[in-house]
Amino acid sequence: MEVINDFPYNVREIENVFIPMRDGQHLAARIWLPEATQDTPLPAIMEYIPYRKRDITRGRDATNHPYLAGHGYVCVRVDMRGSGDSDGVLTDEYTQQEQLDAVDAIEWIARQAWCDGSVGMMGISWGGFNSLQVAAKQPPALKAIISLCSSDDLYADNMHYMGGCLLGDNLSEATVMLAFNALPPDPLIVGDRWRDMWHERMEESGLWIDKWLRHQRRSEYWSASSVCEYYDAIRCPVYAVGGWADGFTNTVFRLMEHLEVPRKGLIGPWGHKYPHQGIPGPAIGFLQEALRWWDYWLKGKDNGIMDEPMLRAWEQDSVPPDNSYEDRPGRWIAEPLWPSNNIQEQHYLLSPYRLTPLSSASEPERGTEPTTMGLQSPLSVGLAAGKWCSYAATPDLPGDQREEDGGSLIFSTDALAEPLHIFGTPSLELEVSSNQPQAMLAVRLSDVAPDGKATRVTYGLLNLTHRDSNAEPTPLEPHRTYRVTIDMNGIAQQFPAGHQLRVSVSTSYWPLAWLPPKPAQVDISFNHCVLKLPVRCAGHEEDGLTHFDAPQSAPPLEITNLAPSKHNWLLHQDLATKSSTLEVVNDQGCFRINDIGTEIHRCAREYYTTVGNDFTSARGETVTESSFKRDDWHTQVYTRTVLTCTETNFIIHAEMDAYEGQYRVFSKNWESTIPRDLL
């Protein structure tokens with residue numbers, strides 16, 4: 001990363017400003033103000049998230065916002081209602097109140113003397129989600145957005161559910177927010193009322209996992225803020241960015257296909273990170289790319305960015321399987337439009353253990369091969385799946401798939417005679433039956449090297465009760481045959497000559513996805529079961545692409561490290577009790593922010609356990625610690641959430657304890673039992 005110290009504009013920082021809302025509440029904002037605005041107003045860029053501008057995101061903000069401000073933009077980083085130093089209580093994600101507050105904040109920014117009336121909105125993850133949602137509200141001053149690592153569909157393509165299956169990230173995300181919502185505002189910003197604000201948050205924010213588990217099918221709860229329900233409401237230009245190791249990549253494809261406004265898409269090899277900090281690399285000069293976008297749409301500079309292809313992506317080369325990568329070798333490819341005429345759907349027929357391209361054969365000869373194959377996977381399948389969304393807190397990527405394949409049905413091609421390039425979203429059509437009214441399938445597409453190592457390329461999940469609808473799931477009739485489609489996540493990948501494609505099918509994928517109520521045997525009938533691959537005809541149109549610059553940023557935040565961070569995934573197996581526990585360690589250590597003197601310690605641990613083949617033994621537990629300390633101000637918050645199940649119910653237990661100094665000042669327990677709804 002190249003650190004830039006000299007910019008075209010001198011910048012003044014305003015540590016805190018309170019922005020009034022229509023109901024009298026106030027949102028706290030930090031502003032980076034180019035000094036030139038004293039004479040000439042400039043466009044503004046707003047980032048709007050609940051992750052605390054004062055301290056927790058201060059490091060990221062320090063590298064991003066001064067850089068953009070130094071090139072002539074007023075940058076405004078806003079704490080959402082109920083977070084950081086803002087008034088109120090945060091009671092759920094992506095609410096209508098959140099979006100209305102953003103509209104008010106944009107209108108306030110546009111009215112300031114330092115703003116020329118044009119506002120952009122940019123953010124990653126939550127900030128990418130609400131950039132899309134706020135754009136759909138059409139505030140007049142909002143002229144363009146950049147949405148990174150976000151989703152247009154809160155039910156089908158989010159950290160809660162996938163293919164109608166409950167994701168393990170539902171529990172971990174709920175834990176993150178339980179801890180964040182319990183953090184106090186800074187007394188140096190809000191004054192003596194900080195303690196009352198803190199206690200109000202802990203008492204009233206609520207247990208979000210309870211809400212999310214009470215909406216197990218697609219409903220208005222999810223669709224109200226899913227912009228896929230109203231693409232035409234977005235009237236401003238959109239730059240959508242994702243990463244293949246991230247959980248939200250499919251959104252980029254859908255936005256390019258369905259939006260009617262000027263738009264661009266970019267997908268790199270990265271996890272859940274800004275691309276100039278992208279891991280796996282290569283990272284790119286994303287802040288320079290963002291400036292080109294803002295210069296075009298907010299300053300009217302014809303810099304050619306909209307003459308370039310609509311969609312650019314990093315086509316990954318084959319690599320051996322690993323739980324972490326510093327870089328993914330490959331190349332940038334581009335398509336002028338999406339969907340692209342340069343993508344052709346290639347079909348591969350499934351027969352026992354084999355994948356046969358339809359271009360080279362008709363229906364494979366049956367001979368004495370079985371026409372049906374059944375499977376009931378052991379609960380160990382999924383322990384090498386990695387995280388649904390990689391946060392580059394290694395090692396959280398999928399490992400060698402051979403052990404997973406031992407508990408799956410596998411179907412492989414012959415060695416490829418020539419390289420194969422895919423770009424898009426593969427899918428698998430199967431004819432299946434089950435001996436239980438509820439069952440799930442996990443499908444993996446892997447690159448198998450000549451030495452046998454298997455690297456997962458992409459995957460998909462399907463709760464078979466959701467085979468026809470996420471809104472109206474229906475039980476399976478045991479032993480009845482159904483035709484189903486399992487969609488896999490989008491990818492750009494090259495398979496080398498001499499390698500094999502492998503499709504692996506399992507009936508469990510724990511703990512990435514929660515288990516069905518009972519073990520189920522699923523039988524596959526080989527009646528035109530088809531793998532559909534989006535095959536790309538590699539061309540020369542990439543030769544003229546504008547190259548991305550090397551990563552740049554403003555100077556990093558000055559901190560003093562007090563204790564090291566620790567990240568690990570540990571698998572504990574007890575052969576005597578037949579229990580397996582996956583432990584995820586995310587300890588961010590302890591550090592002091594030098595300019596404000598605050599010491600921060602944050603740590604989270606997750607535990608996912610099963611015993612034998614008992615599907616009701618599935619147990620997820622998360623524990624967090626959060627501490628803020630400065631002079632005589634010292635607060636600590638501890639949370640613990642446990643999710644278990646029976647065949648008919650989910651059972652939640654959660655607890656929170658908060659300390660001021662050495663005294664416990666708040667304690668609360670939650671207990672709830674939620675019926676399973678075909679899940």
# chains A, B, ... in the order shown; residues from 1 in each chain; ligands from 1
>>> closest_atom_pairs(of="stretch 288-339 of chain A", to="stretch 423-442 of chain A", cutoff="12 Å", atoms="only C-alpha atoms", output="tab-separated table")
residue	atom	partner	partner_atom	distance
A:Leu311	CA	A:Phe423	CA	11.3
A:Arg312	CA	A:Phe423	CA	10.9
A:Ala313	CA	A:Phe423	CA	8.8
A:Trp314	CA	A:Phe423	CA	9.8
A:Glu315	CA	A:Phe423	CA	7.8
A:Gln316	CA	A:Phe423	CA	10.1
A:Trp332	CA	A:Phe423	CA	11.8
A:Ile333	CA	A:Phe423	CA	9.6
A:Ala334	CA	A:Phe423	CA	10.3
A:Glu335	CA	A:Phe423	CA	10.2
A:Trp338	CA	A:Gly424	CA	10.0
A:Pro339	CA	A:Gly424	CA	9.1
>>> residues_around(residues="A:Val252", least_positions_apart="5", cutoff="9 Å", atoms="only C-alpha atoms", output="number ranges by chain")
A: 149-151, 239-242, 257, 264-267, 311
>>> atom_distance(atom1="atom CA of A:Ser672", atom2="atom CA of A:Thr622")
16.5 Å
>>> residues_around(residues="A:Pro184", least_positions_apart="2", cutoff="7 Å", atoms="only C-alpha atoms", output="VMD selection string")
chain A and resid 182 186 194 198
>>> write_last_selection(atoms="all heavy atoms", output="PDB file, in the first residue's frame")
ATOM      1  N   ALA A 182     -24.532  -2.968  22.491  1.00  0.00           N
ATOM      2  CA  ALA A 182     -24.345  -2.794  23.933  1.00  0.00           C
ATOM      3  C   ALA A 182     -23.193  -1.854  24.265  1.00  0.00           C
ATOM      4  O   ALA A 182     -22.868  -1.673  25.441  1.00  0.00           O
ATOM      5  CB  ALA A 182     -24.085  -4.154  24.579  1.00  0.00           C
ATOM      6  N   ASP A 186     -19.287   7.831  23.593  1.00  0.00           N
ATOM      7  CA  ASP A 186     -18.105   8.405  24.234  1.00  0.00           C
ATOM      8  C   ASP A 186     -18.506   9.638  25.043  1.00  0.00           C
ATOM      9  O   ASP A 186     -19.086  10.580  24.498  1.00  0.00           O
ATOM     10  CB  ASP A 186     -17.070   8.794  23.174  1.00  0.00           C
ATOM     11  CG  ASP A 186     -15.710   9.107  23.775  1.00  0.00           C
ATOM     12  OD1 ASP A 186     -15.652   9.832  24.784  1.00  0.00           O
ATOM     13  OD2 ASP A 186     -14.703   8.627  23.223  1.00  0.00           O
ATOM     14  N   TRP A 194     -24.106  10.141  28.648  1.00  0.00           N
ATOM     15  CA  TRP A 194     -23.614   8.916  28.024  1.00  0.00           C
ATOM     16  C   TRP A 194     -24.115   7.676  28.732  1.00  0.00           C
ATOM     17  O   TRP A 194     -24.450   6.673  28.095  1.00  0.00           O
ATOM     18  CB  TRP A 194     -22.081   8.911  27.981  1.00  0.00           C
ATOM     19  CG  TRP A 194     -21.417   8.617  29.305  1.00  0.00           C
ATOM     20  CD1 TRP A 194     -21.047   9.500  30.260  1.00  0.00           C
ATOM     21  CD2 TRP A 194     -21.053   7.318  29.803  1.00  0.00           C
ATOM     22  NE1 TRP A 194     -20.472   8.875  31.327  1.00  0.00           N
ATOM     23  CE2 TRP A 194     -20.460   7.523  31.072  1.00  0.00           C
ATOM     24  CE3 TRP A 194     -21.164   6.031  29.317  1.00  0.00           C
ATOM     25  CZ2 TRP A 194     -19.989   6.465  31.855  1.00  0.00           C
ATOM     26  CZ3 TRP A 194     -20.693   4.970  30.094  1.00  0.00           C
ATOM     27  CH2 TRP A 194     -20.115   5.192  31.339  1.00  0.00           C
ATOM     28  N   TRP A 198     -26.325   4.652  27.182  1.00  0.00           N
ATOM     29  CA  TRP A 198     -25.780   3.296  27.186  1.00  0.00           C
ATOM     30  C   TRP A 198     -26.799   2.294  27.724  1.00  0.00           C
ATOM     31  O   TRP A 198     -27.084   1.256  27.104  1.00  0.00           O
ATOM     32  CB  TRP A 198     -24.501   3.301  28.009  1.00  0.00           C
ATOM     33  CG  TRP A 198     -23.769   1.994  28.094  1.00  0.00           C
ATOM     34  CD1 TRP A 198     -23.726   1.010  27.154  1.00  0.00           C
ATOM     35  CD2 TRP A 198     -22.945   1.551  29.176  1.00  0.00           C
ATOM     36  NE1 TRP A 198     -22.923  -0.023  27.572  1.00  0.00           N
ATOM     37  CE2 TRP A 198     -22.439   0.280  28.805  1.00  0.00           C
ATOM     38  CE3 TRP A 198     -22.581   2.100  30.402  1.00  0.00           C
ATOM     39  CZ2 TRP A 198     -21.581  -0.446  29.647  1.00  0.00           C
ATOM     40  CZ3 TRP A 198     -21.721   1.378  31.231  1.00  0.00           C
ATOM     41  CH2 TRP A 198     -21.238   0.122  30.856  1.00  0.00           C
TER      42      TRP A 198
END
>>> residues_around(residues="A:Ile145", least_positions_apart="6", cutoff="8 Å", atoms="only C-alpha atoms", output="tab-separated table (two decimals) with all heavy atoms, in the first residue's frame")
chain	number	residue	atom	x	y	z
A	120	GLY	N	-22.83	12.04	-2.88
A	120	GLY	CA	-22.68	10.64	-3.20
A	120	GLY	C	-22.74	9.82	-1.92
A	120	GLY	O	-22.54	10.35	-0.82
A	121	MET	N	-23.02	8.53	-2.05
A	121	MET	CA	-23.09	7.65	-0.88
A	121	MET	C	-22.25	6.42	-1.18
A	121	MET	O	-22.36	5.83	-2.27
A	121	MET	CB	-24.54	7.28	-0.58
A	121	MET	CG	-24.77	6.65	0.76
A	121	MET	SD	-26.55	6.55	1.13
A	121	MET	CE	-26.48	5.63	2.69
A	122	MET	N	-21.40	6.04	-0.24
A	122	MET	CA	-20.50	4.92	-0.44
A	122	MET	C	-20.40	4.11	0.83
A	122	MET	O	-20.39	4.66	1.93
A	122	MET	CB	-19.10	5.43	-0.84
A	122	MET	CG	-18.08	4.33	-1.10
A	122	MET	SD	-16.47	4.98	-1.65
A	122	MET	CE	-15.72	5.35	-0.06
A	131	SER	N	-26.75	2.00	0.96
A	131	SER	CA	-26.57	2.87	-0.19
A	131	SER	C	-27.60	2.53	-1.27
A	131	SER	O	-28.21	3.43	-1.87
A	131	SER	CB	-25.15	2.73	-0.76
A	131	SER	OG	-24.19	3.25	0.13
A	132	LEU	N	-27.81	1.24	-1.52
A	132	LEU	CA	-28.84	0.82	-2.48
A	132	LEU	C	-30.24	1.20	-1.99
A	132	LEU	O	-31.07	1.71	-2.75
A	132	LEU	CB	-28.76	-0.68	-2.71
A	132	LEU	CG	-27.53	-1.21	-3.45
A	132	LEU	CD1	-27.45	-2.72	-3.34
A	132	LEU	CD2	-27.58	-0.80	-4.92
A	135	ALA	N	-30.81	4.94	-2.13
A	135	ALA	CA	-30.96	5.36	-3.52
A	135	ALA	C	-32.38	5.14	-3.99
A	135	ALA	O	-32.94	5.95	-4.75
A	135	ALA	CB	-29.97	4.62	-4.41
A	236	CYS	N	-30.41	6.78	-9.64
A	236	CYS	CA	-29.07	7.38	-9.75
A	236	CYS	C	-28.06	6.32	-10.18
A	236	CYS	O	-28.29	5.11	-10.01
A	236	CYS	CB	-28.65	8.02	-8.42
A	236	CYS	SG	-28.31	6.85	-7.09
A	237	PRO	N	-26.93	6.70	-10.76
A	237	PRO	CA	-25.91	5.73	-11.19
A	237	PRO	C	-25.37	4.90	-10.02
A	237	PRO	O	-25.23	5.39	-8.90
A	237	PRO	CB	-24.82	6.63	-11.79
A	237	PRO	CG	-25.53	7.87	-12.20
A	237	PRO	CD	-26.59	8.09	-11.15
A	238	VAL	N	-25.04	3.64	-10.33
A	238	VAL	CA	-24.62	2.67	-9.32
A	238	VAL	C	-23.33	2.00	-9.76
A	238	VAL	O	-23.22	1.50	-10.88
A	238	VAL	CB	-25.70	1.60	-9.11
A	238	VAL	CG1	-25.21	0.51	-8.14
A	238	VAL	CG2	-27.00	2.22	-8.59
A	239	TYR	N	-22.34	1.98	-8.85
A	239	TYR	CA	-21.12	1.18	-9.03
A	239	TYR	C	-21.18	0.08	-7.98
A	239	TYR	O	-21.12	0.36	-6.78
A	239	TYR	CB	-19.88	2.05	-8.85
A	239	TYR	CG	-18.61	1.52	-9.50
A	239	TYR	CD1	-17.60	2.40	-9.91
A	239	TYR	CD2	-18.39	0.16	-9.70
A	239	TYR	CE1	-16.43	1.94	-10.51
A	239	TYR	CE2	-17.23	-0.31	-10.30
A	239	TYR	CZ	-16.25	0.59	-10.70
A	239	TYR	OH	-15.10	0.13	-11.29
>>> closest_residue(among="A:Glu583, A:Asp79, A:Glu404, A:Asp116", to="A:Arg456", atoms="only C-alpha atoms")
A:Glu404
>>> select_by_dssp(residues="stretch 588-667 of chain A", states="strand (DSSP E)", output="JSON, numbers by chain")
{"A": [588, 589, 590, 591, 592, 593, 598, 599, 600, 601, 602, 603, 604, 605, 606, 607, 608, 609, 610, 611, 614, 615, 616, 617, 618, 619, 620, 621, 622, 623, 624, 625, 626, 627, 628, 629, 630, 633, 634, 635, 636, 637, 638, 639, 640, 641, 642, 643, 644, 645, 649, 650, 651, 652, 653, 654, 655, 656, 657, 658, 659, 660, 663, 664, 665, 666, 667]}
>>> select_by_dssp(residues="stretch 284-438 of chain A", states="alpha helix (DSSP H)", output="list in words")
Phe286, Leu287, Gln288, Glu289, Ala290, Leu291, Arg292, Trp293, Trp294, Asp295, Tyr296, Trp297, Leu298, Arg402, Glu403, Glu404 and Asp405 of chain A
>>> residues_around(residues="stretch 512-525 of chain A", least_positions_apart="5", cutoff="9 Å", atoms="only C-alpha atoms", output="number ranges by chain")
A: 161-162, 165-169, 371-377, 379, 382-383, 385-388, 430-441, 461, 463, 479, 481, 506-507, 613-616, 618, 645-648, 676, 678-679
>>> closest_residue(among="A:Tyr509, A:Tyr325, A:Trp294, A:Phe253", to="A:Lys143", atoms="only C-alpha atoms")
A:Trp294
>>> closest_residue(among="A:Thr251, A:Gln99, A:Thr356, A:Asn470", to="A:Gly490", atoms="only C-alpha atoms")
A:Thr251
>>> atom_distance(atom1="atom CA of A:Lys53", atom2="atom CA of A:Trp126")
14.0 Å
>>> closest_residue(among="A:Leu42, A:Leu409, A:Val103, A:Ile559", to="A:Gly597", atoms="only C-alpha atoms")
A:Ile559
>>> atom_distance(atom1="atom CA of A:Ser408", atom2="atom CA of A:Val448")
15.3 Å
>>> closest_residue(among="A:Met488, A:Ala144, A:Leu188, A:Ala550", to="A:Ile596", atoms="only C-alpha atoms")
A:Leu188
>>> closest_residue(among="A:Ala392, A:Met159, A:Ile106, A:Ile56", to="A:Phe248", atoms="only C-alpha atoms")
A:Met159
>>> residues_around(residues="stretch 651-664 of chain A", least_positions_apart="3", cutoff="10 Å", atoms="only C-alpha atoms", output="MDAnalysis selection string")
chainID A and resid 175 178:179 182:183 195 198:199 202 207 209:210 213 619:629 632:646 648 667:676
>>> write_last_selection(atoms="N, CA and C atoms", output="compact mmCIF listing (two decimals), in the first residue's frame")
# COMPACT_ATOMS: atom_id res chain seq x y z
N THR A 175 -24.61 -12.19 16.90
CA THR A 175 -23.68 -11.98 18.01
C THR A 175 -22.91 -10.68 17.85
N LEU A 178 -25.35 -7.93 18.75
CA LEU A 178 -25.66 -7.89 20.18
C LEU A 178 -24.54 -7.18 20.93
N ALA A 179 -23.30 -7.46 20.53
CA ALA A 179 -22.17 -6.81 21.18
C ALA A 179 -22.09 -5.33 20.80
N ALA A 182 -24.53 -2.97 22.49
CA ALA A 182 -24.34 -2.79 23.93
C ALA A 182 -23.19 -1.85 24.26
N LEU A 183 -22.58 -1.25 23.25
CA LEU A 183 -21.42 -0.39 23.51
C LEU A 183 -21.86 1.04 23.81
N ARG A 195 -24.19 7.72 30.06
CA ARG A 195 -24.58 6.54 30.83
C ARG A 195 -26.05 6.18 30.59
N TRP A 198 -26.32 4.65 27.18
CA TRP A 198 -25.78 3.30 27.19
C TRP A 198 -26.80 2.29 27.72
N HIS A 199 -27.39 2.61 28.86
CA HIS A 199 -28.35 1.70 29.47
C HIS A 199 -29.60 1.56 28.62
N MET A 202 -28.76 -1.00 25.87
CA MET A 202 -28.70 -2.38 26.34
C MET A 202 -30.07 -2.93 26.68
N LEU A 207 -32.91 -8.72 21.09
CA LEU A 207 -32.14 -9.88 20.64
C LEU A 207 -32.51 -10.15 19.18
N ILE A 209 -31.36 -12.16 16.85
CA ILE A 209 -31.47 -13.53 16.34
C ILE A 209 -32.89 -14.06 16.56
N ASP A 210 -33.54 -13.59 17.61
CA ASP A 210 -34.93 -13.98 17.85
C ASP A 210 -35.82 -13.48 16.71
N LEU A 213 -35.06 -15.45 13.40
CA LEU A 213 -35.54 -16.83 13.39
C LEU A 213 -37.07 -16.93 13.38
N ARG A 619 -25.37 -27.51 17.98
CA ARG A 619 -25.30 -26.45 18.98
C ARG A 619 -24.32 -25.38 18.52
N GLY A 620 -24.76 -24.13 18.52
CA GLY A 620 -23.88 -23.01 18.24
C GLY A 620 -23.78 -22.11 19.45
N GLU A 621 -22.57 -21.73 19.82
CA GLU A 621 -22.37 -20.84 20.96
C GLU A 621 -21.39 -19.76 20.57
N THR A 622 -21.71 -18.52 20.90
CA THR A 622 -20.81 -17.40 20.62
C THR A 622 -20.61 -16.60 21.89
N VAL A 623 -19.39 -16.15 22.10
CA VAL A 623 -19.03 -15.38 23.29
C VAL A 623 -18.23 -14.16 22.84
N THR A 624 -18.55 -12.99 23.37
CA THR A 624 -17.81 -11.78 23.02
C THR A 624 -17.37 -11.03 24.27
N GLU A 625 -16.26 -10.30 24.12
CA GLU A 625 -15.78 -9.36 25.14
C GLU A 625 -15.46 -8.04 24.45
N SER A 626 -15.89 -6.94 25.04
CA SER A 626 -15.61 -5.61 24.49
C SER A 626 -15.25 -4.68 25.64
N SER A 627 -14.15 -3.94 25.47
CA SER A 627 -13.70 -3.05 26.55
C SER A 627 -13.22 -1.74 25.96
N PHE A 628 -13.63 -0.63 26.61
CA PHE A 628 -13.15 0.71 26.26
C PHE A 628 -12.59 1.35 27.53
N LYS A 629 -11.41 1.95 27.40
CA LYS A 629 -10.77 2.51 28.60
C LYS A 629 -10.02 3.78 28.22
N ASP A 632 -10.27 7.74 33.61
CA ASP A 632 -11.12 7.09 34.60
C ASP A 632 -12.39 6.50 33.99
N TRP A 633 -12.49 6.51 32.65
CA TRP A 633 -13.64 5.90 31.96
C TRP A 633 -13.27 4.49 31.53
N HIS A 634 -13.98 3.49 32.04
CA HIS A 634 -13.66 2.10 31.73
C HIS A 634 -14.96 1.31 31.70
N THR A 635 -15.34 0.83 30.52
CA THR A 635 -16.55 0.01 30.39
C THR A 635 -16.18 -1.32 29.76
N GLN A 636 -16.89 -2.36 30.19
CA GLN A 636 -16.70 -3.70 29.64
C GLN A 636 -18.07 -4.33 29.41
N VAL A 637 -18.21 -5.04 28.29
CA VAL A 637 -19.45 -5.73 27.98
C VAL A 637 -19.12 -7.16 27.57
N TYR A 638 -19.83 -8.11 28.14
CA TYR A 638 -19.68 -9.52 27.81
C TYR A 638 -21.03 -10.04 27.32
N THR A 639 -21.02 -10.78 26.20
CA THR A 639 -22.26 -11.39 25.72
C THR A 639 -22.02 -12.87 25.44
N ARG A 640 -23.08 -13.62 25.53
CA ARG A 640 -23.03 -15.05 25.20
C ARG A 640 -24.38 -15.42 24.60
N THR A 641 -24.34 -16.10 23.45
CA THR A 641 -25.56 -16.56 22.79
C THR A 641 -25.41 -18.04 22.48
N VAL A 642 -26.43 -18.83 22.79
CA VAL A 642 -26.42 -20.27 22.51
C VAL A 642 -27.68 -20.60 21.71
N LEU A 643 -27.48 -21.28 20.58
CA LEU A 643 -28.60 -21.74 19.75
C LEU A 643 -28.55 -23.26 19.70
N THR A 644 -29.64 -23.90 20.13
CA THR A 644 -29.78 -25.35 20.05
C THR A 644 -31.12 -25.65 19.38
N CYS A 645 -31.43 -26.94 19.27
CA CYS A 645 -32.68 -27.29 18.58
C CYS A 645 -33.20 -28.64 19.05
N THR A 646 -34.48 -28.84 18.80
CA THR A 646 -35.09 -30.16 18.83
C THR A 646 -35.59 -30.42 17.41
N THR A 648 -38.50 -30.04 16.52
CA THR A 648 -39.62 -29.13 16.23
C THR A 648 -39.34 -27.67 16.56
N SER A 667 -27.27 -6.40 33.70
CA SER A 667 -27.28 -7.83 33.42
C SER A 667 -28.66 -8.21 32.89
N LYS A 668 -28.65 -8.99 31.81
CA LYS A 668 -29.93 -9.39 31.22
C LYS A 668 -29.79 -10.75 30.57
N ASN A 669 -30.82 -11.58 30.72
CA ASN A 669 -30.90 -12.88 30.07
C ASN A 669 -32.10 -12.90 29.14
N TRP A 670 -31.94 -13.64 28.04
CA TRP A 670 -33.06 -13.88 27.12
C TRP A 670 -33.22 -15.39 26.94
N GLU A 671 -34.45 -15.84 26.91
CA GLU A 671 -34.77 -17.24 26.61
C GLU A 671 -35.96 -17.25 25.66
N SER A 672 -35.86 -18.02 24.57
CA SER A 672 -37.02 -18.14 23.69
C SER A 672 -36.97 -19.46 22.96
N THR A 673 -38.16 -19.95 22.66
CA THR A 673 -38.34 -21.17 21.88
C THR A 673 -39.15 -20.81 20.64
N ILE A 674 -38.60 -21.11 19.48
CA ILE A 674 -39.21 -20.69 18.22
C ILE A 674 -39.47 -21.94 17.38
N PRO A 675 -40.71 -22.16 16.96
CA PRO A 675 -41.00 -23.35 16.15
C PRO A 675 -40.22 -23.36 14.84
N ARG A 676 -39.76 -24.52 14.46
CA ARG A 676 -39.11 -24.68 13.15
C ARG A 676 -40.18 -24.68 12.08
